[in-house]
Structure formats: structure tokens, C-alpha cells
$ cat coords26.tsv   # TSV, C-alpha atoms
chain	number	residue	atom	x	y	z
A	105	MET	CA	141.26	42.56	49.24
A	106	LYS	CA	138.80	40.11	50.80
A	107	GLN	CA	141.53	38.47	52.91
A	108	THR	CA	142.71	41.86	54.16
A	109	THR	CA	139.18	42.77	55.21
A	110	LEU	CA	138.71	39.47	57.04
A	111	LEU	CA	142.01	39.90	58.86
A	112	THR	CA	141.04	43.41	59.94
A	113	VAL	CA	137.67	42.19	61.23
A	114	ALA	CA	139.33	39.31	63.10
A	115	GLU	CA	141.90	41.60	64.70
A	116	THR	CA	139.20	44.05	65.76
A	117	ALA	CA	137.11	41.22	67.21
A	118	THR	CA	140.13	39.93	69.14
A	119	GLU	CA	140.76	43.32	70.72
A	120	ALA	CA	137.06	43.66	71.51
A	121	VAL	CA	137.06	40.29	73.29
A	122	ASP	CA	140.13	41.32	75.26
A	123	MET	CA	138.46	44.54	76.39
A	124	ALA	CA	135.18	42.77	77.15
A	125	THR	CA	136.86	40.19	79.37
A	126	MET	CA	138.56	42.92	81.38
A	127	LEU	CA	135.29	44.81	81.85
A	128	ILE	CA	133.42	41.64	82.79
A	129	GLY	CA	136.14	40.67	85.24
A	130	GLY	CA	136.06	44.07	86.89
A	131	ALA	CA	132.28	44.09	87.15
A	132	LEU	CA	132.19	40.53	88.50
A	133	GLY	CA	134.89	41.29	91.07
A	134	ALA	CA	133.10	44.42	92.21
A	135	TRP	CA	129.78	42.62	92.57
A	136	VAL	CA	131.23	39.66	94.46
A	137	GLY	CA	133.35	41.85	96.71
A	138	TYR	CA	130.65	44.37	97.56
A	139	THR	CA	128.09	41.72	98.46
A	140	CYS	CA	130.46	39.70	100.67
A	141	TYR	CA	131.69	42.41	103.03
A	142	PRO	CA	130.61	42.35	106.69
A	143	ASP	CA	127.81	44.74	107.54
A	144	THR	CA	130.05	46.32	110.18
A	145	TRP	CA	132.31	47.84	107.52
A	146	SER	CA	131.77	51.50	106.73
A	147	GLY	CA	130.75	52.63	103.27
A	148	ASP	CA	134.17	54.13	102.51
A	149	TRP	CA	135.96	50.90	103.39
A	150	ARG	CA	133.51	48.87	101.34
A	151	LEU	CA	134.01	51.10	98.27
A	152	ALA	CA	137.79	51.08	98.59
A	153	ALA	CA	137.96	47.31	98.97
A	154	THR	CA	135.47	46.83	96.14
A	155	GLY	CA	137.65	48.89	93.80
A	156	ALA	CA	140.75	46.91	94.70
A	157	ILE	CA	139.03	43.56	94.18
A	158	ALA	CA	137.53	44.76	90.89
A	159	VAL	CA	140.99	45.67	89.57
A	160	ILE	CA	142.49	42.35	90.70
A	161	ALA	CA	139.63	40.38	89.14
A	162	ALA	CA	139.86	42.34	85.88
A	163	VAL	CA	143.60	41.68	85.58
A	164	ALA	CA	143.23	38.02	86.52
A	165	ILE	CA	140.48	37.30	83.99
A	166	SER	CA	142.30	39.33	81.33
A	167	ASP	CA	145.41	37.19	81.92
A	168	VAL	CA	143.36	34.04	81.48
A	169	ALA	CA	141.86	35.43	78.27
A	170	ASP	CA	145.36	36.23	77.00
A	171	LEU	CA	146.24	32.55	77.24
A	172	ILE	CA	143.56	31.93	74.61
A	173	LEU	CA	143.95	35.12	72.57
A	174	THR	CA	147.74	35.07	72.28
A	175	PRO	CA	147.80	32.07	69.89
A	176	VAL	CA	145.00	33.70	67.91
A	177	ARG	CA	146.96	36.94	67.65
A	178	ARG	CA	150.02	34.99	66.57
A	179	LEU	CA	148.07	33.29	63.78
A	180	LEU	CA	146.63	36.62	62.63
A	181	ALA	CA	150.08	38.18	62.61
A	182	GLN	CA	151.42	35.29	60.54
A	183	ALA	CA	148.53	35.58	58.10
A	184	ARG	CA	149.07	39.32	57.83
A	185	GLY	CA	152.78	38.81	57.18
A	186	ALA	CA	152.10	36.13	54.58
A	187	GLN	CA	149.97	38.46	52.46
A	188	PRO	CA	151.58	39.34	49.14
A	189	ARG	CA	153.19	42.75	49.20
A	190	VAL	CA	153.34	45.06	46.23
A	191	GLN	CA	156.89	45.16	44.95
A	192	ALA	CA	158.43	48.34	43.62
A	193	ALA	CA	158.00	48.60	39.87
A	194	ASN	CA	161.12	47.97	37.81
A	195	THR	CA	159.73	49.37	34.59
A	196	LEU	CA	157.17	51.95	33.52
A	197	ASP	CA	154.86	49.19	32.31
A	198	GLU	CA	154.97	47.47	35.71
A	199	GLY	CA	154.25	50.78	37.44
A	200	LEU	CA	151.29	51.38	35.13
A	201	GLU	CA	149.96	47.88	35.78
A	202	GLN	CA	150.11	48.42	39.54
A	203	VAL	CA	148.33	51.77	39.27
A	204	VAL	CA	145.64	50.24	37.05
A	205	ASP	CA	145.01	47.49	39.61
A	206	ALA	CA	144.88	50.07	42.41
A	207	THR	CA	142.46	52.22	40.39
A	208	GLU	CA	140.14	49.28	39.79
A	209	ASN	CA	140.18	48.33	43.48
A	210	ASP	CA	139.57	51.95	44.44
A	211	ALA	CA	136.60	52.19	42.06
A	212	ALA	CA	135.03	49.04	43.54
A	213	SER	CA	135.56	50.35	47.06
A	214	ARG	CA	134.07	53.76	46.24
A	215	ALA	CA	131.07	52.17	44.50
A	216	ALA	CA	130.33	50.01	47.55
A	217	SER	CA	130.70	53.01	49.85
A	218	ASP	CA	128.58	55.38	47.74
A	219	ALA	CA	125.89	52.70	47.34
A	220	TRP	CA	124.77	53.63	50.86
A	221	GLY	CA	122.84	56.45	49.22
A	222	ILE	CA	120.49	53.99	47.49
A	223	ASP	CA	120.78	50.94	49.77
A	224	GLN	CA	120.45	51.82	53.45
A	225	GLY	CA	119.00	48.48	54.47
A	226	ASP	CA	120.89	45.19	54.59
A	227	GLY	CA	123.82	46.55	52.61
A	228	PHE	CA	123.18	44.35	49.57
A	229	LEU	CA	124.89	46.84	47.27
A	230	ARG	CA	127.58	47.68	49.80
A	231	THR	CA	129.33	44.33	49.48
A	232	GLU	CA	132.63	45.47	48.05
A	233	ASP	CA	133.66	42.07	46.71
A	234	ARG	CA	130.67	42.00	44.37
A	235	TRP	CA	131.68	45.21	42.63
A	236	ARG	CA	134.02	45.05	39.63
A	237	GLY	CA	136.12	48.17	39.26
A	238	TYR	CA	137.59	49.46	36.02
A	239	GLU	CA	140.60	51.59	35.21
A	240	ASP	CA	138.39	54.53	34.18
A	241	ALA	CA	137.25	54.71	37.84
A	242	THR	CA	133.81	53.23	37.09
A	243	ALA	CA	132.44	49.97	38.49
A	244	SER	CA	129.65	47.49	37.87
A	245	PHE	CA	127.55	45.18	40.05
A	246	PHE	CA	126.07	42.01	38.54
A	247	LEU	CA	122.40	41.83	39.50
A	248	ALA	CA	121.01	39.12	37.24
A	249	PRO	CA	121.80	37.62	33.83
A	250	GLY	CA	121.85	40.54	31.43
A	251	VAL	CA	121.43	43.22	34.12
A	252	TRP	CA	124.17	45.26	35.78
A	253	LEU	CA	124.22	48.28	38.04
A	254	HIS	CA	126.81	50.75	36.79
A	255	TYR	CA	128.65	53.27	38.97
A	256	CYS	CA	130.44	56.46	37.96
A	257	THR	CA	130.88	59.99	39.27
A	258	GLU	CA	129.90	63.27	37.66
A	259	LYS	CA	130.01	66.90	38.66
A	260	ASN	CA	126.98	68.20	40.54
A	261	GLU	CA	125.68	71.75	40.63
A	262	TYR	CA	128.35	72.65	43.16
A	263	GLY	CA	131.18	71.41	40.98
A	264	ARG	CA	131.85	68.40	43.20
A	265	ASP	CA	132.01	64.75	42.22
A	266	ALA	CA	128.72	62.97	42.94
A	267	ALA	CA	127.90	59.28	42.59
A	268	ARG	CA	125.64	58.24	39.73
A	269	PHE	CA	124.13	54.78	39.43
A	270	THR	CA	122.48	53.49	36.26
A	271	LEU	CA	120.90	50.18	35.36
A	272	LEU	CA	122.39	48.61	32.22
A	273	THR	CA	120.99	45.65	30.31
A	274	GLY	CA	122.30	43.45	27.56
A	275	ASP	CA	119.36	43.97	25.23
A	276	SER	CA	120.04	47.58	24.17
A	277	GLU	CA	117.54	49.19	26.53
A	278	ALA	CA	118.32	52.77	27.49
A	279	PRO	CA	120.20	53.11	30.79
A	280	VAL	CA	117.91	53.85	33.74
A	281	THR	CA	119.11	56.23	36.46
A	282	ILE	CA	118.80	54.54	39.86
A	283	THR	CA	118.20	56.45	43.10
A	284	GLY	CA	116.71	53.68	45.24
A	285	MET	CA	116.33	49.93	45.66
A	286	GLU	CA	112.66	50.07	44.69
A	287	GLN	CA	113.60	51.06	41.14
A	288	ILE	CA	115.85	48.02	40.82
A	289	ARG	CA	113.11	45.75	42.17
A	290	HIS	CA	110.63	47.32	39.77
A	291	HIS	CA	112.88	46.72	36.79
A	292	LEU	CA	113.80	43.14	37.63
A	293	ALA	CA	110.21	42.21	38.50
A	294	ALA	CA	109.06	43.53	35.13
A	295	ARG	CA	111.71	41.56	33.27
A	296	ALA	CA	110.84	38.40	35.22
A	297	ALA	CA	107.16	38.86	34.32
A	298	GLY	CA	107.90	39.47	30.65
A	299	LEU	CA	106.56	43.03	30.82
A	300	PRO	CA	108.23	46.19	29.52
A	301	ALA	CA	111.00	46.95	31.96
A	302	ALA	CA	111.06	50.71	31.42
A	303	PRO	CA	108.33	52.60	33.34
A	304	ALA	CA	105.62	54.16	31.21
A	305	THR	CA	105.89	57.93	30.82
A	306	THR	CA	103.27	60.57	30.29
A	307	GLU	CA	104.27	64.14	29.43
A	308	GLY	CA	107.74	63.56	30.80
A	309	HIS	CA	106.58	62.14	34.15
A	310	VAL	CA	107.39	58.59	35.14
A	311	GLN	CA	104.27	56.55	35.79
A	312	ASP	CA	105.55	53.64	37.89
A	313	ASP	CA	102.03	52.80	39.00
A	314	VAL	CA	101.12	51.61	35.49
A	315	LEU	CA	103.63	48.77	35.63
A	316	ASP	CA	102.98	48.12	39.30
A	317	ASP	CA	99.29	47.57	38.51
A	318	ASP	CA	100.25	45.06	35.80
A	319	LEU	CA	102.58	43.22	38.18
A	320	THR	CA	99.95	43.18	40.93
A	321	GLY	CA	97.39	41.64	38.60
A	322	LEU	CA	99.88	39.09	37.37
A	323	HIS	CA	100.81	38.02	40.91
A	324	ALA	CA	97.15	37.81	41.88
A	325	THR	CA	96.40	35.34	39.08
A	326	ALA	CA	99.53	33.25	39.66
$ encode --input "coords26.tsv" --output "C-alpha cells"
Amino acid sequence: MKQTTLLTVAETATEAVDMATMLIGGALGAWVGYTCYPDTWSGDWRLAATGAIAVIAAVAISDVADLILTPVRRLLAQARGAQPRVQAANTLDEGLEQVVDATENDAASRAASDAWGIDQGDGFLRTEDRWRGYEDATASFFLAPGVWLHYCTEKNEYGRDAARFTLLTGDSEAPVTITGMEQIRHHLAARAAGLPAAPATTEGHVQDDVLDDDLTGLHATA
């Protein structure tokens, strides 16, 4: 999966470079041509000649770029062709194994995509390769020793599948529903400081400020 993604990025970058060189060549040709014409030329002649030179320059520079990009494209094509292809299943067990693998990969991909809802910054949680998908269409993201972010889907009030993220730990703490990065930071900071990881509650309302005050005091004395 990672190799496929890298190949796709490389191919896209190659095409972008090809397009950029053509645009740069056209712009450079237009600028050079327009500034070098005699003042006695009329505006129409100057524009017509500028357009012609811009096209010629764009094609010329693009041809030069192709000399460099063609070997790169050839290597990318070879790498793409060398990727292992899924063979048709010969037995029911082989077919099931292929579908299980595809389901796990799909779960990891969906988890990384849906993580945008809680991580809209640097994309820490949207790194697909760090998600581990499972055949029940759930996935997990290793955060720290003993702490994982779990992904699944459940029906919302409209009867549609909605992403649900929960924080799981290896010490039998109750799962914590996660809706933002701050909650993950809060939990990990508490564990690192040796404080109760679960936020204090009063009459059913989460009191995050209680733990935040403890962490602030701890950092101040460190």
C-alpha cells in the first residue's frame, strides 16, 4: 500500500513538473519576445509575434524537460509493473483470505480519512500506514505504550454510518470517546504525570479543568 501511494505521488509530481516547465517556457518566451521588439512595430504585430514566440519557447523547454523526465517515467512504469498483482483465487479459502486482506486495508484507509474530523492540523492521525485495520472493519492507531486510538462506525440519528473514535488502554480503563486532539493530549499528559487519566465528572458533566489545573501546577514546579 505504501509503495503504491509513493508511486502515485511520484507520477503526479512528474506530470506537474512537465506542465510547469511548459508554462514557464511560454511565459519566458513571451517576456523576452515582447521586450525585444522594435518600437516601430504596432501593438497587433507585437502581440501576434509574442504569442508565436511563447508557443515555440514552451515547446522547446518542454522537449528539454522530456529528456530528463522520460527516464524517470520509464523507471516509474517499471516499478508499477513490478508490483505484486492479486491473483485470482483458486479456492474458497484463498478468496476469503484476499477479501480479509482487502477489508483490513479498507478499514485502515477509512480510519485515516475519517480522522480528519478530529485532526485537522498536521494530519498526524491521517497517516494511513500507521493505522492497523481488522477484518471486522475496525482499526487501531498506536499512540504510546498501552494506549491506542480505536476506530469503528456506528449508525447516527439519520441511520447513516458515522465514524467513532475511542481511546483504549491496556490497564482496564473505560474507553474514552474522542472528538478532538486536545482530549488525546489531555489523556496522555495525565498518564505521563501519574495522574488519573479520566477527567473528573460532576453531575454527569466532564470537568477537564480539574485535571488541567493539576497538570499546570505540576509543570510549574518541574
$ closest_atom_pairs --input "coords26.tsv" --of "segment 247-283 of chain A" --to "segment 218-237 of chain A" --cutoff "8 Å" --atoms "only C-alpha atoms" --output "tab-separated table"
residue	atom	partner	partner_atom	distance
A:Ala267	CA	A:Asp218	CA	6.5
A:Ile282	CA	A:Ile222	CA	7.8
A:Thr283	CA	A:Ile222	CA	5.5
$ atom_distance --input "coords26.tsv" --atom1 "atom CA of Glu208 of chain A" --atom2 "atom CA of Ala117 of chain A"
28.7 Å
$ closest_residue --input "coords26.tsv" --among "A:Val204, A:Cys256, A:Ile165, A:Ile288" --to "Leu271 of chain A" --atoms "only C-alpha atoms"
A:Ile288
$ atom_distance --input "coords26.tsv" --atom1 "atom CA of Met285 of chain A" --atom2 "atom CA of Thr207 of chain A"
26.8 Å
$ atom_distance --input "coords26.tsv" --atom1 "atom CA of Ala211 of chain A" --atom2 "atom CA of Ala241 of chain A"
5.0 Å
$ closest_residue --input "coords26.tsv" --among "A:Gln182, A:Ile160, A:Ala212, A:His291" --to "His254 of chain A" --atoms "all atoms listed in the file"
A:Ala212
$ build_atoms --input "coords26.tsv" --residues "segment 188-205 of chain A" --atoms "N, CA, C and O atoms" --output "PDB file, keeping the file's coordinate frame"
ATOM      1  N   PRO A 188     150.659  38.828  50.170  1.00  0.00           N
ATOM      2  CA  PRO A 188     151.580  39.340  49.140  1.00  0.00           C
ATOM      3  C   PRO A 188     151.698  40.850  49.224  1.00  0.00           C
ATOM      4  O   PRO A 188     150.710  41.557  49.370  1.00  0.00           O
ATOM      5  N   ARG A 189     152.924  41.313  49.150  1.00  0.00           N
ATOM      6  CA  ARG A 189     153.190  42.750  49.200  1.00  0.00           C
ATOM      7  C   ARG A 189     153.510  43.252  47.800  1.00  0.00           C
ATOM      8  O   ARG A 189     154.134  42.567  47.001  1.00  0.00           O
ATOM      9  N   VAL A 190     153.086  44.466  47.533  1.00  0.00           N
ATOM     10  CA  VAL A 190     153.340  45.060  46.230  1.00  0.00           C
ATOM     11  C   VAL A 190     154.814  45.426  46.140  1.00  0.00           C
ATOM     12  O   VAL A 190     155.332  46.176  46.969  1.00  0.00           O
ATOM     13  N   GLN A 191     155.481  44.864  45.151  1.00  0.00           N
ATOM     14  CA  GLN A 191     156.890  45.160  44.950  1.00  0.00           C
ATOM     15  C   GLN A 191     157.045  46.446  44.148  1.00  0.00           C
ATOM     16  O   GLN A 191     156.197  46.807  43.339  1.00  0.00           O
ATOM     17  N   ALA A 192     158.156  47.124  44.375  1.00  0.00           N
ATOM     18  CA  ALA A 192     158.430  48.340  43.620  1.00  0.00           C
ATOM     19  C   ALA A 192     158.567  48.005  42.138  1.00  0.00           C
ATOM     20  O   ALA A 192     159.161  46.985  41.765  1.00  0.00           O
ATOM     21  N   ALA A 193     157.973  48.843  41.308  1.00  0.00           N
ATOM     22  CA  ALA A 193     158.000  48.600  39.870  1.00  0.00           C
ATOM     23  C   ALA A 193     159.409  48.785  39.324  1.00  0.00           C
ATOM     24  O   ALA A 193     160.113  49.729  39.681  1.00  0.00           O
ATOM     25  N   ASN A 194     159.809  47.879  38.447  1.00  0.00           N
ATOM     26  CA  ASN A 194     161.120  47.970  37.810  1.00  0.00           C
ATOM     27  C   ASN A 194     161.072  48.679  36.471  1.00  0.00           C
ATOM     28  O   ASN A 194     162.093  49.162  35.983  1.00  0.00           O
ATOM     29  N   THR A 195     159.885  48.705  35.887  1.00  0.00           N
ATOM     30  CA  THR A 195     159.730  49.370  34.590  1.00  0.00           C
ATOM     31  C   THR A 195     158.475  50.236  34.628  1.00  0.00           C
ATOM     32  O   THR A 195     157.634  50.123  35.531  1.00  0.00           O
ATOM     33  N   LEU A 196     158.358  51.102  33.623  1.00  0.00           N
ATOM     34  CA  LEU A 196     157.170  51.950  33.520  1.00  0.00           C
ATOM     35  C   LEU A 196     155.917  51.113  33.327  1.00  0.00           C
ATOM     36  O   LEU A 196     154.856  51.414  33.885  1.00  0.00           O
ATOM     37  N   ASP A 197     156.024  50.047  32.542  1.00  0.00           N
ATOM     38  CA  ASP A 197     154.860  49.190  32.310  1.00  0.00           C
ATOM     39  C   ASP A 197     154.398  48.524  33.604  1.00  0.00           C
ATOM     40  O   ASP A 197     153.198  48.406  33.858  1.00  0.00           O
ATOM     41  N   GLU A 198     155.343  48.071  34.430  1.00  0.00           N
ATOM     42  CA  GLU A 198     154.970  47.470  35.710  1.00  0.00           C
ATOM     43  C   GLU A 198     154.312  48.494  36.627  1.00  0.00           C
ATOM     44  O   GLU A 198     153.344  48.188  37.321  1.00  0.00           O
ATOM     45  N   GLY A 199     154.852  49.723  36.625  1.00  0.00           N
ATOM     46  CA  GLY A 199     154.250  50.780  37.440  1.00  0.00           C
ATOM     47  C   GLY A 199     152.838  51.081  36.985  1.00  0.00           C
ATOM     48  O   GLY A 199     151.930  51.256  37.805  1.00  0.00           O
ATOM     49  N   LEU A 200     152.623  51.131  35.666  1.00  0.00           N
ATOM     50  CA  LEU A 200     151.290  51.380  35.130  1.00  0.00           C
ATOM     51  C   LEU A 200     150.332  50.267  35.503  1.00  0.00           C
ATOM     52  O   LEU A 200     149.185  50.513  35.878  1.00  0.00           O
ATOM     53  N   GLU A 201     150.811  49.018  35.433  1.00  0.00           N
ATOM     54  CA  GLU A 201     149.960  47.880  35.780  1.00  0.00           C
ATOM     55  C   GLU A 201     149.526  47.942  37.238  1.00  0.00           C
ATOM     56  O   GLU A 201     148.365  47.661  37.564  1.00  0.00           O
ATOM     57  N   GLN A 202     150.451  48.311  38.124  1.00  0.00           N
ATOM     58  CA  GLN A 202     150.110  48.420  39.540  1.00  0.00           C
ATOM     59  C   GLN A 202     149.091  49.527  39.781  1.00  0.00           C
ATOM     60  O   GLN A 202     148.155  49.370  40.569  1.00  0.00           O
ATOM     61  N   VAL A 203     149.262  50.658  39.100  1.00  0.00           N
ATOM     62  CA  VAL A 203     148.330  51.770  39.270  1.00  0.00           C
ATOM     63  C   VAL A 203     146.955  51.412  38.722  1.00  0.00           C
ATOM     64  O   VAL A 203     145.921  51.776  39.302  1.00  0.00           O
ATOM     65  N   VAL A 204     146.920  50.675  37.614  1.00  0.00           N
ATOM     66  CA  VAL A 204     145.640  50.240  37.050  1.00  0.00           C
ATOM     67  C   VAL A 204     144.905  49.340  38.045  1.00  0.00           C
ATOM     68  O   VAL A 204     143.703  49.504  38.288  1.00  0.00           O
ATOM     69  N   ASP A 205     145.633  48.378  38.619  1.00  0.00           N
ATOM     70  CA  ASP A 205     145.010  47.490  39.610  1.00  0.00           C
ATOM     71  C   ASP A 205     144.487  48.296  40.802  1.00  0.00           C
ATOM     72  O   ASP A 205     143.382  48.039  41.314  1.00  0.00           O
TER      73      ASP A 205
END
